[in-house]
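Taking it in order: structure first as C-alpha cells, then the write-up.
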Amino acid sequence: MKTRKLVNLRSFPLFSTVSYLTFFILYAPIALVIAYSFNVNRTAQIWTGFSTKWYMDVLTNDDIVKAVKNSLIVALPATILATTLALAATLGLQRMGRKGNTVSIILLGAPLIIPEIVLAVGSLCFFLFIGLPIGFIGLVVAHTAFCIPFAMLPIRARLVSLEASSFEAAADLGANEWNIFKRVTLPLLAPGVLAGALLAFAISFDDFITSFFVSGPGSTTLPVYIFGMIRSNVTPAINALSTMLLIGTGGILFMSYALNQDRKK
Amino acid sequence: MMMVSQKKIGVRIVAIAAALLLLSSCSSSTKDAAESTSAAFPTAQGGELNLYNWTNYIDPEQLKAFTAETGIKVNLDTFDSNETLLAKLQSGATGYDVIVPSDYMVAQMVELGLLEDIGVSSFPNGKNIDPNFMEVYWDKGRNFSAPYMYGTTGIAVNTTDAAANKITSWKDFFNADSLTSVDVLKDQTEVVSAALRASGVAAADLCTTDKTKYVAAQKILDGFKPKVIDSDGGIERMVKESSMVRMAWNGSVNRMVTDNPKIKYVFPTEGLNFWADNLAVPKGAKNIDNAKIFINWMLSPKEGAAATNFTGYGNAVLGSGEFMLPSIKSDPGINVSPENAKLVSPTPNCSTEARDLYTQLFTSWTSNQ
Amino acid sequence: MELKRARPGQTNRWFAIVPMGYLAVTVGIPLLIITAYSFLSRPDLGVGVKWEFTPISYVRIFVQERLDGTTGLDVRYLKVIWNSFLYSGISTVTTLVLAIPVAVWIATRQAKYRYLLVLLVTLPFWTSILIRTYAIRQLLDEKGVLGQVTSFLGLGDNFQILYTPTATVIGLTFTSLPFMILPIYASAERFDFRLAEAAYDLGAKKWSALFRVLLPSISPGIFAGIALVFIPGLGSFLAADMLGGGKTNMIANVVANNFGQARNWPFGSALSVFLCLLTLFFTLLISMKTRKKTEAKK
C-alpha cells in the first residue's frame, strides 16, 4: 500500500454535522408539540406556566374517549383482516407465475402509489354506488385495503430470510403440505406476522384522509376528531392528545420494529 | 372552562325584525299547520339520540343536562360545512337523528326530500318560537325545522391598529390587506357576496346572473391578498393579534372581545349577511321520537338561553332573555342598533347558475393568491 | 420464466387470489367509479352525479368561460398543477440534500449504533402525518418559538412564514425526510468501502474517490427516495391545507374542495384521474430508469 496520509474514508466531518442537524429537524417539532401540551395557557404558543390540566381535559372528554373507541373498532378488525390477507398473499406469491406476479405487484402497490385523496373519494363514491352506508363497515373495508401492503412488508422480509432447509427437513420426515404449513411455516413466520399486524394497526389508527371522507354517524375516528379540534378549538388539549397518540402508536411501532430486528441478530 | 365556538352571536330579536321581514316576504303558500297534530307528542323513554352538529356549537354540559332529564343518551358528531352535511346525508349516512343545517341548506334539503316533516310549530314548545322566525323562506310554518342559533357576518377589527380602526365598509376591508393583516372566511358565499356588495350590488341582487356584476366584483377581489383564508382559528388569531382585521361571525367577535377587549365588531355600510341555523330531522332517522323530544326541549326559554350563553349567538325562543348572560345582552354586535339592523339581509340562496358564478369567482381569486 | 419448482412449505398460489381479489375490488373498483364519474354531469340539486355523459369536466381543467364572456385558457388549475410540481419538487431536492449525508453517515457508524439510528429515523415516519403537520404549524407560528427566534435574530416581530407557500414546502419536507433517508441508507449500507479505498489508493483525492465511487453505487436508493418523496408529494393534502392558510392549493386540495363546498363531483373526479395519471407516469418513469441502471450494471 502506498503511504499517503492515512485518511479514514469512512468519516466525513460535514456529514456528521448535517446528520445531527437533520435529527434535530426530525424531532424538534414533535418535541415542541409535547412541550406545549404542558402549557397552562389556552394559546399553546405563548407559554405562561406548567400544567397537566389538558391531559385531564382529554381523558375526561367523552367525545374523545368515543373517538378512541371508534378508532379501535375500526383498527382491530382491519388489522386482523389485513394481516391474514397479507400472509396469504405472501405465501401464495411464491408460486405465482410471471403474469400473476406482475398483476400482484400492481395491486399491492396501488394503495401506496395512488394518492390517498383519490382512494378516499373513490371509496366514498364506491360505497354510495353499492348502497353500503358509510360508517364502520365502510371504514374497515377501506382501511383493510391500504393496510395489506404494509402488513406484507415484515412478513415477506421474514419469509425471505427463512432457509429452505427447515421445510425440506420436515418434508423428509414425512410431513404433508398442510402439516408443514401448520407446524413449520406459521411458527417460523410468526414474528413477521406479528410485526406486520402491529404495523397495520398503527397505519389504520393514524389514518386521516380516508377516515375523513368515509366516516359516518357515530364513527368519527380519533384523527378525524383531532382535525376537527384543530379546525375549531385550538387549545393545548390538541397537544396533549397528540402526545398520547404519538407515544401510543410510537410504542406499537417500536415493538413491531424490535420484533422484526430480532431475526437479524 | 368554556369551549371556544366559532359561531357566536346574539342579536336582539326586535332589532332585526326588518331583516326577518325580508326573509318571509316572498311566497304565500304555507303548509297546513293543522296537519300532524293528531298523534300525541312522544314522552321520553330513554334510548339514544344521534346529533350531528357544527363543531363547538352546543354545550356538552347542556347535552348532559338533557340526558339527566330525559334519560336519552346523546351521541354527538360534528361537521364543518353545510355541503359536508349534505354530502354525508346523500352518501347514505342514515344514523343521524338531529342535524343542524343553515337556512339555505334546509330549503335545499326540503326540495330534495331529505327531511322528515315533524311539524315543529305544533310541538308543545312550538308556541315559544319567535313569530319573526315562523314564516321563513326555507320553512314556512316551521314543519321541518326549529330555529337554533342565528347571526350576522361582518368585520372584526382591532381598534389599536390605525388602518383597521378606519374600516367601515367592505370596500375598506378589501383595501386593507396592503395596510395591515387581514383574515377572511373560507366561504365562497360570504366572500363573493361581500365583494358584490362592495362593488355596489344591492342586497336583493346578490343572486344575479348578470356577469358584468361579477366582473366588477372580480376587480375588487383581484388586488385582495389576505393573510389567511380560513373559517377556523380566527378567534385565536385575532386574540393574539396575529391578525388585525377579520371577516367574522359576530358571535366569534363576542368571544374575541372577552379575551381581547380591543376588538370590535363592525357593520359594513354596504350591508351584511344574516344567517340562521336550524334543528332538523333527516328522513329515515331511527330515533324520531327522541329527536322530537330533543328539539322541543331546545325550544324552552331556559335551554334556548343556555345555547346562547355557550355559543354567543341569538336564539329565537321567546322568554329566553331572562336566562341570558348580561355580557351577551350588552354586546353591540348582539344588541343591534336600529341603524345597523337596516344593513342586515339574508345570506343569498342562489340558483345553480348563480352559485357557479360564485364558485368561478372564488376559485379564480384563491388561485391567484 | 416457468413456474418455480414447488419447494415444500410453499403452499399454493391460490392463497394469493383472495387478497388480490380483495384489493382489486376495494381499490380497483373505486378507481373505475371515479373515472366513470369524471365523465358524468352534476345533478341539478345536491351532491353526487347525474347519469349524463359529458367530457366537459376534463375540458374545464384547461379551458374556462370567463366572466366577461370570452372562452380561453384557464390558468387556475394549471397553476395548481404547477404548484404541486413545484412544492413537491423543492421538498424532494431539499430532502435529497439532507438525506445523502445522513444515510452515508449512519452507514458508516458502528453496527450496534446503526440499528438505533435507523429506528430514530423511522419512528417519526410512522406516526400520524396529521400530528406532524400540526407540529410544523405550531413551530412556524410567528407568535411562538419562531417569533422569538426571529426577534432575537433581528428579523423583526411577526416574521411571517406560516400561511405562505414556504410553510407548505417546509411541511412537505419535514414529513418526507424519512422516506428519503431510508432507501438511500439501504443502498449505502451495502456499499463496500474497499472500492473507495481502492480508488483512493490509485491516487484519487478523498472526496473524489467517494463521490465517483459511492454516489453511483447508492443511486438506486436515491431513485427510490425520489420516488417516495416526489410522487406522494404531488398528491399531498394536509401540508397545504394546514400550513398554507387557504392560499396554497395543491391538486388534492382542489379535489377535496370539489367534493365539499364547490359540489362538483365530476370535476373533482376528473382532477383525481388526472392526478392518478401523473402519479403513474412518474412511477413508470422512475422504475424504468432504475431498471436501466440495474441492467447497465450487469
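Labeling convention for the C-alpha cells: chains A, B, ... as they appear, residues from 1 per chain, ligands from 1 in order of appearance.
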
How close does each residue of chain B get to chain A, giving the shortest atom pair and distance in Å to one decimal for every residue with an atom at most 9 Å away, counting only C-alpha atoms, sorted by chain and residue number, as JSON lines?
```
{"residue": "B:Met3", "atom": "CA", "partner": "A:Asn233", "partner_atom": "CA", "distance": 7.2}
{"residue": "B:Val4", "atom": "CA", "partner": "A:Asn233", "partner_atom": "CA", "distance": 5.8}
{"residue": "B:Ser5", "atom": "CA", "partner": "A:Asn233", "partner_atom": "CA", "distance": 7.0}
{"residue": "B:Gln6", "atom": "CA", "partner": "A:Ser232", "partner_atom": "CA", "distance": 6.5}
{"residue": "B:Asn50", "atom": "CA", "partner": "A:Gly218", "partner_atom": "CA", "distance": 7.4}
{"residue": "B:Leu51", "atom": "CA", "partner": "A:Pro217", "partner_atom": "CA", "distance": 8.7}
{"residue": "B:Tyr52", "atom": "CA", "partner": "A:Pro217", "partner_atom": "CA", "distance": 7.8}
{"residue": "B:Thr55", "atom": "CA", "partner": "A:Ser232", "partner_atom": "CA", "distance": 6.4}
{"residue": "B:Asn56", "atom": "CA", "partner": "A:Ser232", "partner_atom": "CA", "distance": 7.1}
{"residue": "B:Asn75", "atom": "CA", "partner": "A:Gly218", "partner_atom": "CA", "distance": 6.8}
{"residue": "B:Leu76", "atom": "CA", "partner": "A:Gly218", "partner_atom": "CA", "distance": 7.4}
{"residue": "B:Asp77", "atom": "CA", "partner": "A:Gly218", "partner_atom": "CA", "distance": 6.3}
{"residue": "B:Thr78", "atom": "CA", "partner": "A:Gly228", "partner_atom": "CA", "distance": 7.8}
{"residue": "B:Phe79", "atom": "CA", "partner": "A:Gly228", "partner_atom": "CA", "distance": 8.0}
{"residue": "B:Asp80", "atom": "CA", "partner": "A:Gly228", "partner_atom": "CA", "distance": 7.9}
{"residue": "B:Lys88", "atom": "CA", "partner": "A:Gly216", "partner_atom": "CA", "distance": 7.2}
{"residue": "B:Gln90", "atom": "CA", "partner": "A:Leu128", "partner_atom": "CA", "distance": 8.3}
{"residue": "B:Ser91", "atom": "CA", "partner": "A:Leu128", "partner_atom": "CA", "distance": 5.3}
{"residue": "B:Gly92", "atom": "CA", "partner": "A:Pro133", "partner_atom": "CA", "distance": 5.1}
{"residue": "B:Ala93", "atom": "CA", "partner": "A:Pro133", "partner_atom": "CA", "distance": 5.6}
{"residue": "B:Thr94", "atom": "CA", "partner": "A:Pro133", "partner_atom": "CA", "distance": 7.2}
{"residue": "B:Gly95", "atom": "CA", "partner": "A:Pro217", "partner_atom": "CA", "distance": 5.1}
{"residue": "B:Tyr96", "atom": "CA", "partner": "A:Pro217", "partner_atom": "CA", "distance": 5.9}
{"residue": "B:Asp230", "atom": "CA", "partner": "A:Arg231", "partner_atom": "CA", "distance": 9.0}
{"residue": "B:Ser231", "atom": "CA", "partner": "A:Arg231", "partner_atom": "CA", "distance": 8.1}
{"residue": "B:Asp232", "atom": "CA", "partner": "A:Arg231", "partner_atom": "CA", "distance": 5.2}
{"residue": "B:Gly233", "atom": "CA", "partner": "A:Ser232", "partner_atom": "CA", "distance": 6.0}
{"residue": "B:Gly234", "atom": "CA", "partner": "A:Ser232", "partner_atom": "CA", "distance": 8.8}
{"residue": "B:Glu236", "atom": "CA", "partner": "A:Thr43", "partner_atom": "CA", "distance": 7.5}
{"residue": "B:Lys240", "atom": "CA", "partner": "A:Thr43", "partner_atom": "CA", "distance": 8.1}
```

So that I have them on file, write out the residues from the current selection with N, CA, C and O atoms, as a compact mmCIF listing (two decimals), in the first residue's frame.
```
# COMPACT_ATOMS: atom_id res chain seq x y z
N MET B 3 -65.70 26.22 26.18
CA MET B 3 -65.05 25.85 24.93
C MET B 3 -65.27 26.96 23.91
O MET B 3 -66.34 27.54 23.83
N VAL B 4 -64.26 27.20 23.15
CA VAL B 4 -64.40 28.28 22.18
C VAL B 4 -65.32 27.86 21.06
O VAL B 4 -65.27 26.74 20.59
N SER B 5 -66.15 28.70 20.61
CA SER B 5 -67.01 28.37 19.49
C SER B 5 -66.76 29.37 18.38
O SER B 5 -66.55 30.55 18.63
N GLN B 6 -66.76 28.88 17.19
CA GLN B 6 -66.54 29.76 16.07
C GLN B 6 -67.72 30.69 15.88
O GLN B 6 -67.58 31.85 15.63
N ASN B 50 -78.74 10.62 18.10
CA ASN B 50 -77.51 10.92 17.36
C ASN B 50 -77.60 12.32 16.78
O ASN B 50 -78.35 12.57 15.84
N LEU B 51 -76.81 13.20 17.34
CA LEU B 51 -76.85 14.61 16.96
C LEU B 51 -75.65 14.93 16.07
O LEU B 51 -74.52 14.57 16.39
N TYR B 52 -75.90 15.57 14.95
CA TYR B 52 -74.84 15.94 14.01
C TYR B 52 -74.83 17.46 13.94
O TYR B 52 -75.73 18.06 13.34
N THR B 55 -68.96 22.06 14.64
CA THR B 55 -68.03 21.89 15.74
C THR B 55 -68.25 22.98 16.77
O THR B 55 -68.40 24.15 16.43
N ASN B 56 -68.23 22.61 17.98
CA ASN B 56 -68.35 23.53 19.10
C ASN B 56 -69.56 24.44 19.04
O ASN B 56 -69.45 25.64 19.28
N ASN B 75 -75.32 11.13 21.36
CA ASN B 75 -74.05 10.93 20.68
C ASN B 75 -73.84 12.09 19.73
O ASN B 75 -74.67 12.34 18.86
N LEU B 76 -72.73 12.79 19.90
CA LEU B 76 -72.50 13.98 19.10
C LEU B 76 -71.42 13.75 18.05
O LEU B 76 -70.33 13.30 18.36
N ASP B 77 -71.74 14.02 16.81
CA ASP B 77 -70.75 14.05 15.73
C ASP B 77 -70.73 15.46 15.17
O ASP B 77 -71.73 16.17 15.26
N THR B 78 -69.60 15.84 14.58
CA THR B 78 -69.56 17.22 14.10
C THR B 78 -69.18 17.32 12.62
O THR B 78 -68.53 16.44 12.08
N PHE B 79 -69.61 18.40 12.01
CA PHE B 79 -69.24 18.69 10.63
C PHE B 79 -68.79 20.14 10.53
O PHE B 79 -68.95 20.90 11.48
N ASP B 80 -68.22 20.51 9.38
CA ASP B 80 -67.67 21.85 9.29
C ASP B 80 -68.30 22.71 8.21
O ASP B 80 -67.98 23.89 8.09
N LYS B 88 -72.78 13.96 3.33
CA LYS B 88 -72.89 12.80 4.21
C LYS B 88 -74.30 12.20 4.14
O LYS B 88 -74.48 10.99 4.06
N GLN B 90 -76.47 12.45 1.71
CA GLN B 90 -76.74 11.85 0.41
C GLN B 90 -75.86 10.63 0.17
O GLN B 90 -76.14 9.86 -0.74
N SER B 91 -74.80 10.48 0.96
CA SER B 91 -73.96 9.30 0.82
C SER B 91 -74.55 8.14 1.59
O SER B 91 -73.92 7.11 1.76
N GLY B 92 -75.74 8.32 2.09
CA GLY B 92 -76.40 7.21 2.74
C GLY B 92 -76.13 7.09 4.21
O GLY B 92 -76.40 6.07 4.82
N ALA B 93 -75.62 8.13 4.81
CA ALA B 93 -75.41 8.08 6.26
C ALA B 93 -76.77 8.18 6.92
O ALA B 93 -77.36 9.26 6.99
N THR B 94 -77.28 7.06 7.41
CA THR B 94 -78.64 7.09 7.93
C THR B 94 -78.69 7.10 9.44
O THR B 94 -79.72 6.90 10.03
N GLY B 95 -77.59 7.32 10.09
CA GLY B 95 -77.60 7.18 11.54
C GLY B 95 -77.89 8.45 12.31
O GLY B 95 -77.95 8.42 13.53
N TYR B 96 -78.06 9.56 11.62
CA TYR B 96 -78.27 10.80 12.38
C TYR B 96 -79.76 11.02 12.66
O TYR B 96 -80.61 10.75 11.83
N ASP B 230 -59.36 31.25 5.98
CA ASP B 230 -59.71 30.09 6.81
C ASP B 230 -60.92 30.42 7.66
O ASP B 230 -60.98 31.49 8.26
N SER B 231 -61.88 29.49 7.71
CA SER B 231 -63.04 29.76 8.55
C SER B 231 -62.80 29.39 9.99
O SER B 231 -63.64 29.65 10.85
N ASP B 232 -61.67 28.80 10.26
CA ASP B 232 -61.40 28.35 11.63
C ASP B 232 -60.17 29.03 12.20
O ASP B 232 -59.33 29.50 11.46
N GLY B 233 -60.08 29.00 13.50
CA GLY B 233 -58.89 29.54 14.16
C GLY B 233 -58.87 31.05 14.18
O GLY B 233 -57.91 31.66 14.64
N GLY B 234 -59.94 31.68 13.67
CA GLY B 234 -59.94 33.13 13.57
C GLY B 234 -59.92 33.82 14.91
O GLY B 234 -59.26 34.84 15.09
N GLU B 236 -58.67 32.78 17.68
CA GLU B 236 -57.34 32.70 18.26
C GLU B 236 -56.40 33.73 17.63
O GLU B 236 -55.66 34.41 18.33
N LYS B 240 -54.67 36.83 19.74
CA LYS B 240 -53.23 37.00 19.98
C LYS B 240 -52.63 38.01 19.00
O LYS B 240 -51.43 38.17 18.92
```

Residues of chain B within 6 Å of chain C, counting only C-alpha atoms, as a ChimeraX atom specification
/B:83-84,87,211,228-230,367,369

Output for the residues just chosen: N, CA and C atoms as a PDB file, in the first residue's frame:
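Writing the result to selection.pdb gives the following:
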```
ATOM      1  N   GLU B  83     -72.206  21.823   3.111  1.00  0.00           N
ATOM      2  CA  GLU B  83     -72.031  20.896   1.989  1.00  0.00           C
ATOM      3  C   GLU B  83     -71.541  19.537   2.476  1.00  0.00           C
ATOM      4  N   THR B  84     -70.703  19.552   3.505  1.00  0.00           N
ATOM      5  CA  THR B  84     -70.288  18.274   4.097  1.00  0.00           C
ATOM      6  C   THR B  84     -71.495  17.544   4.640  1.00  0.00           C
ATOM      7  N   ALA B  87     -73.484  16.190   1.782  1.00  0.00           N
ATOM      8  CA  ALA B  87     -72.798  15.053   1.162  1.00  0.00           C
ATOM      9  C   ALA B  87     -72.934  13.802   2.021  1.00  0.00           C
ATOM     10  N   LYS B 211     -73.328  38.706 -15.567  1.00  0.00           N
ATOM     11  CA  LYS B 211     -71.892  38.512 -15.390  1.00  0.00           C
ATOM     12  C   LYS B 211     -71.123  39.815 -15.201  1.00  0.00           C
ATOM     13  N   VAL B 228     -54.695  35.163   5.825  1.00  0.00           N
ATOM     14  CA  VAL B 228     -55.178  33.787   5.950  1.00  0.00           C
ATOM     15  C   VAL B 228     -56.586  33.680   5.385  1.00  0.00           C
ATOM     16  N   ILE B 229     -56.828  32.617   4.631  1.00  0.00           N
ATOM     17  CA  ILE B 229     -58.191  32.331   4.188  1.00  0.00           C
ATOM     18  C   ILE B 229     -58.628  31.077   4.922  1.00  0.00           C
ATOM     19  N   ASP B 230     -59.362  31.251   5.982  1.00  0.00           N
ATOM     20  CA  ASP B 230     -59.709  30.091   6.812  1.00  0.00           C
ATOM     21  C   ASP B 230     -60.919  30.421   7.662  1.00  0.00           C
ATOM     22  N   SER B 367     -56.859  31.057  -6.549  1.00  0.00           N
ATOM     23  CA  SER B 367     -55.714  30.532  -7.285  1.00  0.00           C
ATOM     24  C   SER B 367     -54.710  31.628  -7.602  1.00  0.00           C
ATOM     25  N   GLN B 369     -53.667  33.773  -5.349  1.00  0.00           N
ATOM     26  CA  GLN B 369     -53.091  34.272  -4.086  1.00  0.00           C
ATOM     27  C   GLN B 369     -51.569  34.161  -4.079  1.00  0.00           C
TER      28      GLN B 369
END
```

Show me, as a PDB file with all heavy atoms, in the first residue's frame, the residues that have an atom within 7 Å of stretch 176-187 of chain B when counting only C-alpha atoms, minus same-chain residues fewer than 6 positions from it.
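Output below, filename result-v6.pdb:
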```pdb
ATOM      1  N   ALA B 163     -54.981  51.399  10.744  1.00  0.00           N
ATOM      2  CA  ALA B 163     -55.679  51.079   9.493  1.00  0.00           C
ATOM      3  C   ALA B 163     -56.949  50.296   9.771  1.00  0.00           C
ATOM      4  O   ALA B 163     -57.993  50.553   9.158  1.00  0.00           O
ATOM      5  CB  ALA B 163     -54.753  50.286   8.586  1.00  0.00           C
ATOM      6  N   PHE B 224     -56.858  41.799  -3.724  1.00  0.00           N
ATOM      7  CA  PHE B 224     -57.016  41.482  -2.302  1.00  0.00           C
ATOM      8  C   PHE B 224     -56.238  40.229  -1.949  1.00  0.00           C
ATOM      9  O   PHE B 224     -56.556  39.149  -2.421  1.00  0.00           O
ATOM     10  CB  PHE B 224     -58.510  41.315  -1.995  1.00  0.00           C
ATOM     11  CG  PHE B 224     -58.826  41.019  -0.560  1.00  0.00           C
ATOM     12  CD1 PHE B 224     -58.420  41.873   0.456  1.00  0.00           C
ATOM     13  CD2 PHE B 224     -59.538  39.878  -0.221  1.00  0.00           C
ATOM     14  CE1 PHE B 224     -58.716  41.606   1.789  1.00  0.00           C
ATOM     15  CE2 PHE B 224     -59.847  39.598   1.109  1.00  0.00           C
ATOM     16  CZ  PHE B 224     -59.436  40.463   2.107  1.00  0.00           C
ATOM     17  N   LYS B 225     -55.229  40.379  -1.137  1.00  0.00           N
ATOM     18  CA  LYS B 225     -54.433  39.234  -0.718  1.00  0.00           C
ATOM     19  C   LYS B 225     -54.400  39.167   0.811  1.00  0.00           C
ATOM     20  O   LYS B 225     -53.529  39.743   1.447  1.00  0.00           O
ATOM     21  CB  LYS B 225     -53.011  39.343  -1.260  1.00  0.00           C
ATOM     22  CG  LYS B 225     -52.957  39.228  -2.774  1.00  0.00           C
ATOM     23  CD  LYS B 225     -51.607  38.771  -3.263  1.00  0.00           C
ATOM     24  CE  LYS B 225     -51.482  38.881  -4.779  1.00  0.00           C
ATOM     25  NZ  LYS B 225     -52.589  38.253  -5.517  1.00  0.00           N
ATOM     26  N   PRO B 226     -55.350  38.465   1.395  1.00  0.00           N
ATOM     27  CA  PRO B 226     -55.399  38.412   2.862  1.00  0.00           C
ATOM     28  C   PRO B 226     -54.275  37.544   3.414  1.00  0.00           C
ATOM     29  O   PRO B 226     -53.636  36.801   2.680  1.00  0.00           O
ATOM     30  CB  PRO B 226     -56.748  37.763   3.149  1.00  0.00           C
ATOM     31  CG  PRO B 226     -57.003  36.924   1.954  1.00  0.00           C
ATOM     32  CD  PRO B 226     -56.381  37.635   0.787  1.00  0.00           C
ATOM     33  N   LYS B 227     -54.096  37.653   4.704  1.00  0.00           N
ATOM     34  CA  LYS B 227     -53.056  36.862   5.348  1.00  0.00           C
ATOM     35  C   LYS B 227     -53.473  35.392   5.420  1.00  0.00           C
ATOM     36  O   LYS B 227     -52.704  34.500   5.121  1.00  0.00           O
ATOM     37  CB  LYS B 227     -52.819  37.404   6.750  1.00  0.00           C
ATOM     38  CG  LYS B 227     -51.738  36.669   7.513  1.00  0.00           C
ATOM     39  CD  LYS B 227     -51.300  37.501   8.699  1.00  0.00           C
ATOM     40  CE  LYS B 227     -50.607  36.634   9.716  1.00  0.00           C
ATOM     41  NZ  LYS B 227     -50.063  37.395  10.837  1.00  0.00           N
ATOM     42  N   VAL B 228     -54.695  35.163   5.825  1.00  0.00           N
ATOM     43  CA  VAL B 228     -55.178  33.787   5.950  1.00  0.00           C
ATOM     44  C   VAL B 228     -56.586  33.680   5.385  1.00  0.00           C
ATOM     45  O   VAL B 228     -57.418  34.548   5.624  1.00  0.00           O
ATOM     46  CB  VAL B 228     -55.213  33.341   7.430  1.00  0.00           C
ATOM     47  CG1 VAL B 228     -55.754  31.921   7.543  1.00  0.00           C
ATOM     48  CG2 VAL B 228     -53.835  33.423   8.045  1.00  0.00           C
ATOM     49  N   ILE B 229     -56.828  32.617   4.631  1.00  0.00           N
ATOM     50  CA  ILE B 229     -58.191  32.331   4.188  1.00  0.00           C
ATOM     51  C   ILE B 229     -58.628  31.077   4.922  1.00  0.00           C
ATOM     52  O   ILE B 229     -58.280  29.969   4.555  1.00  0.00           O
ATOM     53  CB  ILE B 229     -58.239  32.070   2.670  1.00  0.00           C
ATOM     54  CG1 ILE B 229     -57.587  33.215   1.920  1.00  0.00           C
ATOM     55  CG2 ILE B 229     -59.671  31.879   2.222  1.00  0.00           C
ATOM     56  CD1 ILE B 229     -57.477  32.954   0.440  1.00  0.00           C
ATOM     57  N   ASP B 230     -59.362  31.251   5.982  1.00  0.00           N
ATOM     58  CA  ASP B 230     -59.709  30.091   6.812  1.00  0.00           C
ATOM     59  C   ASP B 230     -60.919  30.421   7.662  1.00  0.00           C
ATOM     60  O   ASP B 230     -60.984  31.491   8.255  1.00  0.00           O
ATOM     61  CB  ASP B 230     -58.516  29.747   7.705  1.00  0.00           C
ATOM     62  CG  ASP B 230     -58.642  28.349   8.286  1.00  0.00           C
ATOM     63  OD1 ASP B 230     -59.725  27.754   8.211  1.00  0.00           O
ATOM     64  OD2 ASP B 230     -57.646  27.856   8.826  1.00  0.00           O
ATOM     65  N   SER B 231     -61.880  29.495   7.710  1.00  0.00           N
ATOM     66  CA  SER B 231     -63.045  29.760   8.547  1.00  0.00           C
ATOM     67  C   SER B 231     -62.800  29.395   9.995  1.00  0.00           C
ATOM     68  O   SER B 231     -63.641  29.648  10.846  1.00  0.00           O
ATOM     69  CB  SER B 231     -64.251  28.971   8.021  1.00  0.00           C
ATOM     70  OG  SER B 231     -64.611  29.449   6.750  1.00  0.00           O
ATOM     71  N   SER B 243     -53.522  38.740  13.544  1.00  0.00           N
ATOM     72  CA  SER B 243     -54.231  39.490  12.519  1.00  0.00           C
ATOM     73  C   SER B 243     -54.984  40.629  13.173  1.00  0.00           C
ATOM     74  O   SER B 243     -55.405  40.520  14.321  1.00  0.00           O
ATOM     75  CB  SER B 243     -55.222  38.586  11.776  1.00  0.00           C
ATOM     76  OG  SER B 243     -54.533  37.549  11.147  1.00  0.00           O
ATOM     77  N   MET B 244     -55.184  41.695  12.415  1.00  0.00           N
ATOM     78  CA  MET B 244     -55.832  42.870  12.978  1.00  0.00           C
ATOM     79  C   MET B 244     -57.253  43.056  12.465  1.00  0.00           C
ATOM     80  O   MET B 244     -58.028  43.808  13.029  1.00  0.00           O
ATOM     81  CB  MET B 244     -55.015  44.123  12.613  1.00  0.00           C
ATOM     82  CG  MET B 244     -53.700  44.175  13.356  1.00  0.00           C
ATOM     83  SD  MET B 244     -54.008  44.424  15.108  1.00  0.00           S
ATOM     84  CE  MET B 244     -52.481  43.920  15.813  1.00  0.00           C
ATOM     85  N   VAL B 245     -57.536  42.385  11.349  1.00  0.00           N
ATOM     86  CA  VAL B 245     -58.864  42.529  10.757  1.00  0.00           C
ATOM     87  C   VAL B 245     -59.337  41.143  10.341  1.00  0.00           C
ATOM     88  O   VAL B 245     -58.546  40.326   9.878  1.00  0.00           O
ATOM     89  CB  VAL B 245     -58.816  43.429   9.497  1.00  0.00           C
ATOM     90  CG1 VAL B 245     -60.209  43.616   8.910  1.00  0.00           C
ATOM     91  CG2 VAL B 245     -58.176  44.756   9.817  1.00  0.00           C
ATOM     92  N   ARG B 246     -60.616  40.899  10.460  1.00  0.00           N
ATOM     93  CA  ARG B 246     -61.126  39.592  10.020  1.00  0.00           C
ATOM     94  C   ARG B 246     -62.597  39.688   9.644  1.00  0.00           C
ATOM     95  O   ARG B 246     -63.400  40.300  10.342  1.00  0.00           O
ATOM     96  CB  ARG B 246     -60.946  38.563  11.138  1.00  0.00           C
ATOM     97  CG  ARG B 246     -61.522  37.206  10.771  1.00  0.00           C
ATOM     98  CD  ARG B 246     -61.255  36.169  11.838  1.00  0.00           C
ATOM     99  NE  ARG B 246     -61.935  34.924  11.569  1.00  0.00           N
ATOM    100  CZ  ARG B 246     -61.529  34.005  10.686  1.00  0.00           C
ATOM    101  NH1 ARG B 246     -60.424  34.199  10.005  1.00  0.00           N
ATOM    102  NH2 ARG B 246     -62.216  32.903  10.504  1.00  0.00           N
ATOM    103  N   MET B 247     -62.928  39.053   8.529  1.00  0.00           N
ATOM    104  CA  MET B 247     -64.346  38.844   8.223  1.00  0.00           C
ATOM    105  C   MET B 247     -64.811  37.785   9.209  1.00  0.00           C
ATOM    106  O   MET B 247     -64.253  36.693   9.249  1.00  0.00           O
ATOM    107  CB  MET B 247     -64.500  38.325   6.782  1.00  0.00           C
ATOM    108  CG  MET B 247     -65.922  37.933   6.441  1.00  0.00           C
ATOM    109  SD  MET B 247     -66.046  37.011   4.879  1.00  0.00           S
ATOM    110  CE  MET B 247     -66.011  38.325   3.698  1.00  0.00           C
TER     111      MET B 247
END
```

Residue with smallest distance to A:Ile113 - pool C:Leu155, C:Leu140, C:Leu228, C:Ile81, counting only C-alpha atoms
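Under the stated criterion, the closest residue is C:Leu228.
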
Mind dumping a table of every chain C residue within 6 Å of chain A, with the nearest atom pair and its distance in Å to one decimal, using only C-alpha atoms, sorted by chain and rising number, as a Markdown table?
```
| residue | atom | partner | partner_atom | distance |
| --- | --- | --- | --- | --- |
| C:Leu3 | CA | A:Gly97 | CA | 5.3 |
| C:Pro8 | CA | A:Phe167 | CA | 5.6 |
| C:Gly9 | CA | A:Ile180 | CA | 5.6 |
| C:Asn12 | CA | A:Gly92 | CA | 5.5 |
| C:Arg13 | CA | A:Gly92 | CA | 4.0 |
| C:Phe15 | CA | A:Gly92 | CA | 4.5 |
| C:Ala16 | CA | A:Ala89 | CA | 4.1 |
| C:Pro19 | CA | A:Leu85 | CA | 5.0 |
| C:Leu23 | CA | A:Ala145 | CA | 6.0 |
| C:Pro30 | CA | A:Gly122 | CA | 4.5 |
| C:Leu31 | CA | A:Gly122 | CA | 5.9 |
| C:Ile34 | CA | A:Gly122 | CA | 5.6 |
| C:Pro101 | CA | A:Phe15 | CA | 4.9 |
| C:Val102 | CA | A:Ser19 | CA | 4.7 |
| C:Thr108 | CA | A:Arg10 | CA | 5.8 |
| C:Ser128 | CA | A:Asp206 | CA | 5.0 |
| C:Ala135 | CA | A:Pro29 | CA | 5.1 |
| C:Ile136 | CA | A:Pro29 | CA | 5.9 |
| C:Gly144 | CA | A:Gln45 | CA | 4.5 |
| C:Gly235 | CA | A:Pro115 | CA | 5.1 |
| C:Ser272 | CA | A:Val118 | CA | 5.7 |
```

Who sits within 12 Å of stretch 213-220 of chain B, only C-alpha atoms, same chain under 3 positions skipped, as an MDAnalysis selection string:
(chainID B and resid 170:177 191:202 205:210 223:225 354:366 368) or (chainID C and resid 66:69)
